[in-house]
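Printed here is work-v7.pdb (PDB, C-alpha atoms):
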```pdb
ATOM      1  CA  MET V   1      -3.191   5.609   7.041
ATOM      2  CA  LEU V   2      -4.657   5.098   3.586
ATOM      3  CA  LYS V   3      -8.223   4.890   2.345
ATOM      4  CA  ASN V   4      -9.445   1.423   1.279
ATOM      5  CA  ILE V   5      -6.354  -0.301   2.693
ATOM      6  CA  ASP V   6      -6.405  -2.229   5.964
ATOM      7  CA  PRO V   7      -4.865   0.077   8.599
ATOM      8  CA  LEU V   8      -2.656  -2.752   9.919
ATOM      9  CA  LEU V   9      -0.783  -2.505   6.612
ATOM     10  CA  GLY V  10       1.502   0.440   7.292
ATOM     11  CA  GLY V  11       3.847   1.961   4.738
ATOM     12  CA  GLU V  12       6.834  -0.214   5.558
ATOM     13  CA  LEU V  13       4.832  -3.441   5.323
ATOM     14  CA  LEU V  14       3.061  -2.371   2.108
ATOM     15  CA  HIS V  15       6.442  -1.587   0.590
ATOM     16  CA  LEU V  16       7.766  -5.047   1.461
ATOM     17  CA  LEU V  17       4.608  -6.876   0.325
ATOM     18  CA  ASP V  18       4.641  -4.980  -2.974
ATOM     19  CA  ASP V  19       8.334  -5.701  -3.504
ATOM     20  CA  MET V  20       7.614  -9.420  -3.184
ATOM     21  CA  GLY V  21       7.127 -11.244  -6.457
ATOM     22  CA  HIS V  22       5.738 -14.639  -7.445
ATOM     23  CA  GLY V  23       7.155 -17.326  -5.199
ATOM     24  CA  ASP V  24       8.640 -15.024  -2.572
ATOM     25  CA  GLN V  25       7.814 -16.107   0.966
ATOM     26  CA  LEU V  26       6.498 -14.126   3.898
ATOM     27  CA  VAL V  27       7.029 -15.466   7.410
ATOM     28  CA  VAL V  28       4.433 -14.542  10.040
ATOM     29  CA  VAL V  29       5.505 -15.408  13.571
ATOM     30  CA  ASP V  30       4.463 -15.254  17.198
ATOM     31  CA  ARG V  31       6.197 -13.376  20.003
ATOM     32  CA  ASN V  32       8.609 -16.204  20.869
ATOM     33  CA  PHE V  33      10.018 -16.637  17.400
ATOM     34  CA  PRO V  34      13.650 -15.529  16.835
ATOM     35  CA  ALA V  35      12.586 -12.998  14.210
ATOM     36  CA  ALA V  36      15.529 -10.581  14.297
ATOM     37  CA  ALA V  37      18.028 -13.441  14.057
ATOM     38  CA  THR V  38      16.759 -14.312  10.578
ATOM     39  CA  GLY V  39      18.560 -11.208   9.324
ATOM     40  CA  LEU V  40      15.455 -10.331   7.257
ATOM     41  CA  PRO V  41      13.423  -7.127   7.473
ATOM     42  CA  VAL V  42      11.031  -7.531  10.434
ATOM     43  CA  VAL V  43       7.767  -5.593  10.714
ATOM     44  CA  HIS V  44       6.199  -5.535  14.193
ATOM     45  CA  LEU V  45       2.408  -5.457  14.252
ATOM     46  CA  GLY V  46       1.976  -5.467  18.038
ATOM     47  CA  GLU V  47      -0.878  -7.154  19.878
ATOM     48  CA  ALA V  48      -3.175  -7.844  16.942
ATOM     49  CA  PRO V  49      -4.830 -11.294  16.984
ATOM     50  CA  MET V  50      -3.304 -13.595  14.355
ATOM     51  CA  SER V  51      -6.612 -13.890  12.447
ATOM     52  CA  ARG V  52      -6.743 -10.083  12.272
ATOM     53  CA  VAL V  53      -3.209 -10.066  10.831
ATOM     54  CA  PHE V  54      -4.141 -12.646   8.183
ATOM     55  CA  THR V  55      -7.259 -10.689   7.229
ATOM     56  CA  ALA V  56      -5.040  -7.669   6.579
ATOM     57  CA  LEU V  57      -2.266  -9.560   4.743
ATOM     58  CA  LEU V  58      -4.597 -11.581   2.535
ATOM     59  CA  SER V  59      -6.522  -8.457   1.527
ATOM     60  CA  VAL V  60      -3.535  -7.579  -0.688
ATOM     61  CA  LEU V  61      -1.384 -10.724  -0.917
ATOM     62  CA  PRO V  62      -2.628 -13.688  -2.964
ATOM     63  CA  LEU V  63      -1.390 -17.168  -2.042
ATOM     64  CA  ASP V  64       0.326 -19.067  -4.842
ATOM     65  CA  THR V  65      -2.152 -21.089  -6.903
ATOM     66  CA  PHE V  66       0.787 -22.812  -8.661
ATOM     67  CA  LEU V  67       1.668 -24.654  -5.425
ATOM     68  CA  GLU V  68      -0.281 -27.404  -3.719
ATOM     69  CA  ARG V  69       0.483 -25.991  -0.264
ATOM     70  CA  PRO V  70       1.122 -22.247  -0.468
ATOM     71  CA  LEU V  71       0.404 -21.835   3.251
ATOM     72  CA  GLU V  72       2.590 -23.602   5.814
ATOM     73  CA  ARG V  73       2.474 -23.757   9.595
ATOM     74  CA  MET V  74       4.808 -24.824  12.333
ATOM     75  CA  GLU V  75       4.192 -28.416  13.467
ATOM     76  CA  VAL V  76       2.622 -28.622  16.940
ATOM     77  CA  GLU V  77       4.529 -30.700  19.503
ATOM     78  CA  GLY V  78       6.062 -32.987  16.860
ATOM     79  CA  ASP V  79       2.591 -34.280  15.907
ATOM     80  CA  SER V  80       1.715 -33.427  12.306
ATOM     81  CA  ALA V  81      -1.984 -34.153  12.876
ATOM     82  CA  LYS V  82      -2.278 -31.695  15.755
ATOM     83  CA  THR V  83      -3.324 -28.062  15.229
ATOM     84  CA  THR V  84      -4.125 -25.170  17.533
ATOM     85  CA  ALA V  85      -7.435 -23.284  17.435
ATOM     86  CA  GLN V  86      -5.484 -20.285  16.146
ATOM     87  CA  GLN V  87      -4.016 -22.295  13.261
ATOM     88  CA  ASP V  88      -7.488 -23.652  12.421
ATOM     89  CA  ALA V  89      -8.841 -20.098  12.280
ATOM     90  CA  VAL V  90      -5.999 -18.991  10.005
ATOM     91  CA  LEU V  91      -6.622 -21.837   7.555
ATOM     92  CA  ARG V  92     -10.378 -21.139   7.438
ATOM     93  CA  LEU V  93      -9.674 -17.493   6.788
ATOM     94  CA  ALA V  94      -7.083 -18.151   4.086
ATOM     95  CA  GLN V  95      -9.473 -20.537   2.354
ATOM     96  CA  THR V  96     -12.042 -17.751   1.839
ATOM     97  CA  SER V  97      -9.707 -15.865  -0.514
ATOM     98  CA  HIS V  98      -8.068 -18.862  -2.210
ATOM     99  CA  PRO V  99      -9.699 -20.449  -5.262
ATOM    100  CA  GLN V 100      -8.452 -23.993  -4.573
ATOM    101  CA  PRO V 101      -8.902 -26.275  -1.539
ATOM    102  CA  LEU V 102      -6.158 -25.344   0.960
ATOM    103  CA  GLU V 103      -4.241 -27.853   3.011
ATOM    104  CA  TRP V 104      -1.468 -27.046   5.455
ATOM    105  CA  GLY V 105       2.117 -27.456   4.580
ATOM    106  CA  ILE V 106       3.633 -28.621   7.878
ATOM    107  CA  ILE V 107       7.141 -27.703   9.025
ATOM    108  CA  PRO V 108       8.794 -29.141  12.170
ATOM    109  CA  ARG V 109       9.934 -26.417  14.575
ATOM    110  CA  LEU V 110      13.684 -26.596  14.018
ATOM    111  CA  GLU V 111      13.286 -26.860  10.270
ATOM    112  CA  PHE V 112      10.993 -23.820  10.396
ATOM    113  CA  TYR V 113      13.861 -21.763  11.822
ATOM    114  CA  LYS V 114      15.994 -22.648   8.786
ATOM    115  CA  ARG V 115      13.183 -22.150   6.270
ATOM    116  CA  ALA V 116      12.413 -18.719   7.702
ATOM    117  CA  ARG V 117      15.882 -17.489   6.745
ATOM    118  CA  GLU V 118      15.102 -18.117   3.056
ATOM    119  CA  ALA V 119      12.055 -15.864   3.149
ATOM    120  CA  PHE V 120      11.653 -12.251   2.016
ATOM    121  CA  ALA V 121      10.533 -10.660   5.254
ATOM    122  CA  VAL V 122       9.095 -11.409   8.683
ATOM    123  CA  VAL V 123       5.880 -10.134  10.262
ATOM    124  CA  HIS V 124       6.058 -10.330  14.073
ATOM    125  CA  VAL V 125       2.825 -10.560  16.051
ATOM    126  CA  LEU V 126       2.261 -10.417  19.835
ATOM    127  CA  ASP V 127      -0.736 -12.792  19.751
ATOM    128  CA  PRO V 128       0.027 -15.047  22.774
ATOM    129  CA  ALA V 129      -1.143 -18.339  21.203
ATOM    130  CA  PRO V 130       1.719 -20.853  20.930
ATOM    131  CA  TRP V 131       2.890 -22.387  17.599
ATOM    132  CA  GLY V 132       1.647 -19.310  15.804
ATOM    133  CA  CYS V 133       4.218 -19.440  13.009
ATOM    134  CA  PHE V 134       3.383 -19.473   9.312
ATOM    135  CA  ILE V 135       4.945 -19.176   5.859
ATOM    136  CA  LEU V 136       2.933 -17.678   2.990
ATOM    137  CA  HIS V 137       4.007 -18.126  -0.638
ATOM    138  CA  LYS V 138       3.024 -15.132  -2.748
ATOM    139  CA  GLY V 139       1.071 -15.870  -5.897
ATOM    140  CA  VAL V 140       0.354 -14.084  -9.131
ATOM    141  CA  ILE V 141      -2.026 -11.128  -9.393
ATOM    142  CA  PHE V 142      -4.185 -11.585 -12.437
ATOM    143  CA  ALA V 143      -5.466  -8.684 -14.544
ATOM    144  CA  GLU V 144      -9.005  -8.851 -13.136
ATOM    145  CA  GLN V 145      -7.633  -8.334  -9.586
ATOM    146  CA  HIS V 146      -5.997  -5.162 -10.959
TER     147      HIS V 146
ATOM    148  CA  MET K   1       2.120  -5.817  -7.273
ATOM    149  CA  LEU K   2      -0.608  -6.192  -4.674
ATOM    150  CA  LYS K   3      -4.178  -7.446  -4.917
ATOM    151  CA  ASN K   4      -6.933  -4.804  -4.671
ATOM    152  CA  ILE K   5      -4.457  -1.925  -4.931
ATOM    153  CA  ASP K   6      -3.978   0.083  -8.106
ATOM    154  CA  PRO K   7      -0.795  -1.237  -9.776
ATOM    155  CA  LEU K   8       0.508   2.307 -10.360
ATOM    156  CA  LEU K   9       0.909   2.524  -6.576
ATOM    157  CA  GLY K  10       4.222   0.733  -6.108
ATOM    158  CA  GLY K  11       5.790   0.032  -2.737
ATOM    159  CA  GLU K  12       7.810   3.233  -2.535
ATOM    160  CA  LEU K  13       4.804   5.426  -3.321
ATOM    161  CA  LEU K  14       2.496   3.509  -0.959
ATOM    162  CA  HIS K  15       5.072   3.951   1.791
ATOM    163  CA  LEU K  16       5.197   7.714   1.214
ATOM    164  CA  LEU K  17       1.417   8.105   0.933
ATOM    165  CA  ASP K  18       0.910   6.114   4.120
ATOM    166  CA  ASP K  19       3.543   8.150   5.968
ATOM    167  CA  MET K  20       1.649  11.328   5.094
ATOM    168  CA  GLY K  21      -0.707  12.573   7.789
ATOM    169  CA  HIS K  22      -3.544  15.081   7.879
ATOM    170  CA  GLY K  23      -2.508  18.290   6.151
ATOM    171  CA  ASP K  24       0.620  16.927   4.479
ATOM    172  CA  GLN K  25       0.853  17.883   0.823
ATOM    173  CA  LEU K  26       1.620  15.794  -2.224
ATOM    174  CA  VAL K  27       2.901  17.488  -5.370
ATOM    175  CA  VAL K  28       2.054  15.872  -8.701
ATOM    176  CA  VAL K  29       3.970  17.343 -11.610
ATOM    177  CA  ASP K  30       4.524  17.106 -15.344
ATOM    178  CA  ARG K  31       7.752  16.264 -17.137
ATOM    179  CA  ASN K  32       9.049  19.834 -17.222
ATOM    180  CA  PHE K  33       8.761  20.511 -13.515
ATOM    181  CA  PRO K  34      12.046  20.790 -11.547
ATOM    182  CA  ALA K  35      11.104  17.858  -9.320
ATOM    183  CA  ALA K  36      14.535  16.762  -8.090
ATOM    184  CA  ALA K  37      15.475  20.335  -7.153
ATOM    185  CA  THR K  38      12.745  20.365  -4.483
ATOM    186  CA  GLY K  39      14.953  18.081  -2.395
ATOM    187  CA  LEU K  40      11.877  15.957  -1.626
ATOM    188  CA  PRO K  41      11.463  12.249  -2.355
ATOM    189  CA  VAL K  42      10.425  11.936  -6.016
ATOM    190  CA  VAL K  43       8.512   8.940  -7.357
ATOM    191  CA  HIS K  44       8.533   8.567 -11.148
ATOM    192  CA  LEU K  45       5.386   7.069 -12.646
ATOM    193  CA  GLY K  46       6.446   7.202 -16.282
ATOM    194  CA  GLU K  47       4.104   7.802 -19.211
ATOM    195  CA  ALA K  48       0.783   7.350 -17.439
ATOM    196  CA  PRO K  49      -1.894   9.907 -18.379
ATOM    197  CA  MET K  50      -2.489  12.416 -15.557
ATOM    198  CA  SER K  51      -6.100  11.283 -15.083
ATOM    199  CA  ARG K  52      -4.846   7.714 -14.660
ATOM    200  CA  VAL K  53      -2.400   8.915 -11.983
ATOM    201  CA  PHE K  54      -5.164  10.728 -10.111
ATOM    202  CA  THR K  55      -7.409   7.669 -10.260
ATOM    203  CA  ALA K  56      -4.648   5.678  -8.570
ATOM    204  CA  LEU K  57      -3.720   8.325  -5.977
ATOM    205  CA  LEU K  58      -7.297   9.126  -4.997
ATOM    206  CA  SER K  59      -8.115   5.437  -4.558
ATOM    207  CA  VAL K  60      -6.111   5.589  -1.304
ATOM    208  CA  LEU K  61      -5.581   9.289  -0.526
ATOM    209  CA  PRO K  62      -8.531  11.382   0.655
ATOM    210  CA  LEU K  63      -8.455  15.142   0.004
ATOM    211  CA  ASP K  64      -8.791  17.323   3.101
ATOM    212  CA  THR K  65     -12.431  18.089   3.896
ATOM    213  CA  PHE K  66     -11.273  20.650   6.498
ATOM    214  CA  LEU K  67      -9.990  22.920   3.704
ATOM    215  CA  GLU K  68     -12.032  24.876   1.170
ATOM    216  CA  ARG K  69      -9.530  24.129  -1.617
ATOM    217  CA  PRO K  70      -7.656  20.905  -0.886
ATOM    218  CA  LEU K  71      -6.687  20.538  -4.551
ATOM    219  CA  GLU K  72      -4.538  23.191  -6.223
ATOM    220  CA  ARG K  73      -3.257  23.583  -9.758
ATOM    221  CA  MET K  74      -0.651  25.677 -11.482
ATOM    222  CA  GLU K  75      -2.106  28.837 -13.024
ATOM    223  CA  VAL K  76      -2.165  28.718 -16.852
ATOM    224  CA  GLU K  77      -0.371  31.572 -18.651
ATOM    225  CA  GLY K  78      -0.961  34.034 -15.803
ATOM    226  CA  ASP K  79      -4.737  33.832 -16.339
ATOM    227  CA  SER K  80      -6.525  32.419 -13.297
ATOM    228  CA  ALA K  81      -9.709  31.746 -15.284
ATOM    229  CA  LYS K  82      -7.926  29.602 -17.856
ATOM    230  CA  THR K  83      -7.634  25.805 -17.478
ATOM    231  CA  THR K  84      -6.348  23.017 -19.679
ATOM    232  CA  ALA K  85      -8.448  20.032 -20.705
ATOM    233  CA  GLN K  86      -6.166  17.902 -18.548
ATOM    234  CA  GLN K  87      -6.800  20.084 -15.487
ATOM    235  CA  ASP K  88     -10.553  19.948 -16.131
ATOM    236  CA  ALA K  89     -10.395  16.155 -16.251
ATOM    237  CA  VAL K  90      -8.426  16.014 -12.986
ATOM    238  CA  LEU K  91     -10.982  18.209 -11.189
ATOM    239  CA  ARG K  92     -13.932  16.146 -12.446
ATOM    240  CA  LEU K  93     -12.194  12.989 -11.309
ATOM    241  CA  ALA K  94     -11.292  14.376  -7.890
ATOM    242  CA  GLN K  95     -14.870  15.531  -7.384
ATOM    243  CA  THR K  96     -16.168  11.955  -7.656
ATOM    244  CA  SER K  97     -14.380  10.905  -4.457
ATOM    245  CA  HIS K  98     -14.779  14.160  -2.506
ATOM    246  CA  PRO K  99     -17.928  14.767  -0.445
ATOM    247  CA  GLN K 100     -17.947  18.570  -0.890
ATOM    248  CA  PRO K 101     -18.027  20.734  -4.035
ATOM    249  CA  LEU K 102     -14.421  21.104  -5.218
ATOM    250  CA  GLU K 103     -12.982  24.324  -6.570
ATOM    251  CA  TRP K 104      -9.411  24.818  -7.711
ATOM    252  CA  GLY K 105      -6.873  26.481  -5.560
ATOM    253  CA  ILE K 106      -4.778  28.397  -8.120
ATOM    254  CA  ILE K 107      -1.032  28.964  -7.761
ATOM    255  CA  PRO K 108       1.017  31.142 -10.141
ATOM    256  CA  ARG K 109       3.911  29.274 -11.706
ATOM    257  CA  LEU K 110       6.809  30.810  -9.784
ATOM    258  CA  GLU K 111       4.933  30.599  -6.486
ATOM    259  CA  PHE K 112       4.198  26.949  -7.259
ATOM    260  CA  TYR K 113       7.955  26.238  -7.320
ATOM    261  CA  LYS K 114       8.253  27.625  -3.776
ATOM    262  CA  ARG K 115       5.126  25.918  -2.484
ATOM    263  CA  ALA K 116       6.314  22.581  -3.827
ATOM    264  CA  ARG K 117       9.338  22.693  -1.523
ATOM    265  CA  GLU K 118       7.062  22.669   1.521
ATOM    266  CA  ALA K 119       5.367  19.453   0.447
ATOM    267  CA  PHE K 120       5.964  15.877   1.610
ATOM    268  CA  ALA K 121       6.850  14.231  -1.680
ATOM    269  CA  VAL K 122       6.652  14.641  -5.444
ATOM    270  CA  VAL K 123       5.036  12.370  -8.012
ATOM    271  CA  HIS K 124       6.554  12.901 -11.461
ATOM    272  CA  VAL K 125       4.496  12.047 -14.540
ATOM    273  CA  LEU K 126       5.508  11.999 -18.229
ATOM    274  CA  ASP K 127       2.064  13.070 -19.488
ATOM    275  CA  PRO K 128       3.002  15.661 -22.159
ATOM    276  CA  ALA K 129       0.150  18.140 -21.405
ATOM    277  CA  PRO K 130       1.524  21.520 -20.233
ATOM    278  CA  TRP K 131       0.660  23.121 -16.873
ATOM    279  CA  GLY K 132       0.087  19.658 -15.431
ATOM    280  CA  CYS K 133       1.149  20.529 -11.891
ATOM    281  CA  PHE K 134      -0.967  19.966  -8.813
ATOM    282  CA  ILE K 135      -0.854  20.005  -5.010
ATOM    283  CA  LEU K 136      -3.075  17.646  -3.011
ATOM    284  CA  HIS K 137      -3.722  18.189   0.695
ATOM    285  CA  LYS K 138      -4.217  14.883   2.506
ATOM    286  CA  GLY K 139      -7.344  14.578   4.611
ATOM    287  CA  VAL K 140      -8.514  12.393   7.468
ATOM    288  CA  ILE K 141      -9.486   8.763   7.015
ATOM    289  CA  PHE K 142     -12.647   8.110   8.949
ATOM    290  CA  ALA K 143     -13.438   4.790  10.615
ATOM    291  CA  GLU K 144     -15.947   3.707   7.948
ATOM    292  CA  GLN K 145     -13.247   4.076   5.263
ATOM    293  CA  HIS K 146     -11.145   1.678   7.404
TER     294      HIS K 146
END
```
For this file, produce the structure as structure tokens.
Amino acid sequence: MLKNIDPLLGGELLHLLDDMGHGDQLVVVDRNFPAAATGLPVVHLGEAPMSRVFTALLSVLPLDTFLERPLERMEVEGDSAKTTAQQDAVLRLAQTSHPQPLEWGIIPRLEFYKRAREAFAVVHVLDPAPWGCFILHKGVIFAEQH
Amino acid sequence: MLKNIDPLLGGELLHLLDDMGHGDQLVVVDRNFPAAATGLPVVHLGEAPMSRVFTALLSVLPLDTFLERPLERMEVEGDSAKTTAQQDAVLRLAQTSHPQPLEWGIIPRLEFYKRAREAFAVVHVLDPAPWGCFILHKGVIFAEQH
């Protein structure tokens, strides 16, 4: 535990998030995702709701303002227009800390499995909502943010 | 780098500070201190001024309110009444984030070497001021602090 840091961000996760630089990608996945098979470091956050996880992550991790779509989600049932309530909540939440209008990047399920392997680390969440898989592109921290 | 976290607190140090629990001790030492010989993990912060290091550490690490003297310093020249300007600055700074009046715990130099070996980790600082050696006792983080 640390003062002034979200308690969901334990030492191992803070270490990984800090090691990430501009453009590195963090994969956040639901309980069905083949996280260990990516071969990446996996941090397990347990039964936290996905919106709770994003609140914690985005308190220290800026999304990339250099990209048009620094936040991607898994496509729902092969229909790029479809979203889950959980995905909607994540986008709303991410928008509050991002200075530009955010739109989803959308990744079909099988392509998501491949993309995940190119990331820096995986955060595994037991939130039961389906299609709860996301990729965050880390941005730059400007002097006024520290 | 992480948003909203002091940039001096890199991933390795955050991991160590987070792993510390109530009562664990952090040793912060100057460039002459035999840090590696403690056998503890040592994090090197380079040429930061000591007050800068304490600002960063105390932004996430509470001192122990259960103890009368949760902040200790190395005794100066065998005279327990003597302090350096650097030590005075550290105490003033620590007081601003501690809810009780802070008084130094004072440890003679050779005893400090022994005490350091019982700590959790060492932070090594290149600030050239002499007698710049401290022990911090980690306190509890209450719900309102996160």
Next item on the list: Compile the contact shell of V:Ile135 as an NGL selection string: residues with an atom at most 7 Å away, counting all atoms listed in the file, same-chain residues fewer than 5 positions apart removed.
Entry: :V and (25-28 or 71-73)
What are the nearest atom pairs, with distances in Å to one decimal, for all residues of chain V that come at most 6 Å from chain K, using all atoms listed in the file, set out by chain and rising residue number as a tab-separated table?
```
residue	atom	partner	partner_atom	distance
V:Met1	CA	K:Asp18	CA	5.1
V:Leu2	CA	K:Val60	CA	5.1
V:Lys3	CA	K:Val60	CA	4.3
V:Asn4	CA	K:Val60	CA	5.9
V:Gly11	CA	K:His15	CA	3.8
V:Glu12	CA	K:His15	CA	5.9
V:His15	CA	K:Gly11	CA	3.8
V:Asp18	CA	K:Met1	CA	5.1
V:Val60	CA	K:Lys3	CA	4.3
V:Leu61	CA	K:Lys3	CA	5.9
V:Gln145	CA	K:Lys3	CA	5.9
```
Note to self: Using all atoms listed in the file, can you tell me which of K:Asp79, K:Glu68, K:Asp88, K:Glu118 comes closest to K:Pro101?
What the structure shows: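 Among K:Asp79, K:Glu68, K:Asp88, K:Glu118, it is K:Glu68 that comes nearest to K:Pro101.
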Check: At a cut-off of 10 Å from (6.7, -28.3, 13.5) in the coordinates of the file, what residues are picked up using all atoms listed in the file, written as a PyMOL selection string?
Finding: chain V and resi 72-80+82+106-113+131+133
Keeping C-alpha atoms for every residue in the selection just given, could you write it to a file as a PDB file, in the coordinates of the input?
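File produced: selection09.pdb:
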```pdb
ATOM      1  CA  GLU V  72       2.590 -23.602   5.814  1.00  0.00           C
ATOM      2  CA  ARG V  73       2.474 -23.757   9.595  1.00  0.00           C
ATOM      3  CA  MET V  74       4.808 -24.824  12.333  1.00  0.00           C
ATOM      4  CA  GLU V  75       4.192 -28.416  13.467  1.00  0.00           C
ATOM      5  CA  VAL V  76       2.622 -28.622  16.940  1.00  0.00           C
ATOM      6  CA  GLU V  77       4.529 -30.700  19.503  1.00  0.00           C
ATOM      7  CA  GLY V  78       6.062 -32.987  16.860  1.00  0.00           C
ATOM      8  CA  ASP V  79       2.591 -34.280  15.907  1.00  0.00           C
ATOM      9  CA  SER V  80       1.715 -33.427  12.306  1.00  0.00           C
ATOM     10  CA  LYS V  82      -2.278 -31.695  15.755  1.00  0.00           C
ATOM     11  CA  ILE V 106       3.633 -28.621   7.878  1.00  0.00           C
ATOM     12  CA  ILE V 107       7.141 -27.703   9.025  1.00  0.00           C
ATOM     13  CA  PRO V 108       8.794 -29.141  12.170  1.00  0.00           C
ATOM     14  CA  ARG V 109       9.934 -26.417  14.575  1.00  0.00           C
ATOM     15  CA  LEU V 110      13.684 -26.596  14.018  1.00  0.00           C
ATOM     16  CA  GLU V 111      13.286 -26.860  10.270  1.00  0.00           C
ATOM     17  CA  PHE V 112      10.993 -23.820  10.396  1.00  0.00           C
ATOM     18  CA  TYR V 113      13.861 -21.763  11.822  1.00  0.00           C
ATOM     19  CA  TRP V 131       2.890 -22.387  17.599  1.00  0.00           C
ATOM     20  CA  CYS V 133       4.218 -19.440  13.009  1.00  0.00           C
TER      21      CYS V 133
END
```
Next item on the list: Excluding K:Leu126 and residues on its chain fewer than 6 positions from it, collect all residues at most 12 Å away from it, counting only C-alpha atoms, and give them as an MDAnalysis selection string.
Entry: chainID K and resid 28:33 43:50 52:53 132:133
Note to self: For the provided coordinates, the residues matched by the PyMOL selection byres ((chain K and resi 40) around 8) should be stated as JSON, numbers by chain.
What the structure shows: {"K": [35, 36, 37, 38, 39, 41, 42, 117, 119, 120, 121, 122]}
Notebook entry, point to check: How far is it from atom CA of V:Asp64 to atom CA of V:Leu136, in Å with one decimal?
Noted result: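 These two atoms are separated by 8.4 Å.
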I need every residue sitting at most 8 Å from the point (-9.9, 16.2, -6.0) (coordinates as in the file, only C-alpha atoms considered), written as an mmCIF file with C-alpha atoms, in the coordinates of the input.
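What follows is the written file selection.cif:
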```cif
data_model
loop_
_atom_site.group_PDB
_atom_site.id
_atom_site.type_symbol
_atom_site.label_atom_id
_atom_site.label_comp_id
_atom_site.auth_asym_id
_atom_site.auth_seq_id
_atom_site.Cartn_x
_atom_site.Cartn_y
_atom_site.Cartn_z
ATOM 1 C CA LEU K 58 -7.297 9.126 -4.997
ATOM 2 C CA LEU K 63 -8.455 15.142 0.004
ATOM 3 C CA PRO K 70 -7.656 20.905 -0.886
ATOM 4 C CA LEU K 71 -6.687 20.538 -4.551
ATOM 5 C CA VAL K 90 -8.426 16.014 -12.986
ATOM 6 C CA LEU K 91 -10.982 18.209 -11.189
ATOM 7 C CA ARG K 92 -13.932 16.146 -12.446
ATOM 8 C CA LEU K 93 -12.194 12.989 -11.309
ATOM 9 C CA ALA K 94 -11.292 14.376 -7.890
ATOM 10 C CA GLN K 95 -14.870 15.531 -7.384
ATOM 11 C CA THR K 96 -16.168 11.955 -7.656
ATOM 12 C CA SER K 97 -14.380 10.905 -4.457
ATOM 13 C CA HIS K 98 -14.779 14.160 -2.506
ATOM 14 C CA LEU K 102 -14.421 21.104 -5.218
ATOM 15 C CA LEU K 136 -3.075 17.646 -3.011
#
```
Check: Rounded to one decimal in Å, what is the spacing between atom CA of V:Pro130 and atom CA of V:Thr84?
Finding: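 Straight-line distance from atom CA of V:Pro130 to atom CA of V:Thr84 works out to 8.0 Å.
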Check: What is the distance, in Å and to one decimal place, between atom CA of V:Asp127 and atom CA of V:Pro34?
Finding: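 Separating atom CA of V:Asp127 from atom CA of V:Pro34 is a distance of 14.9 Å.
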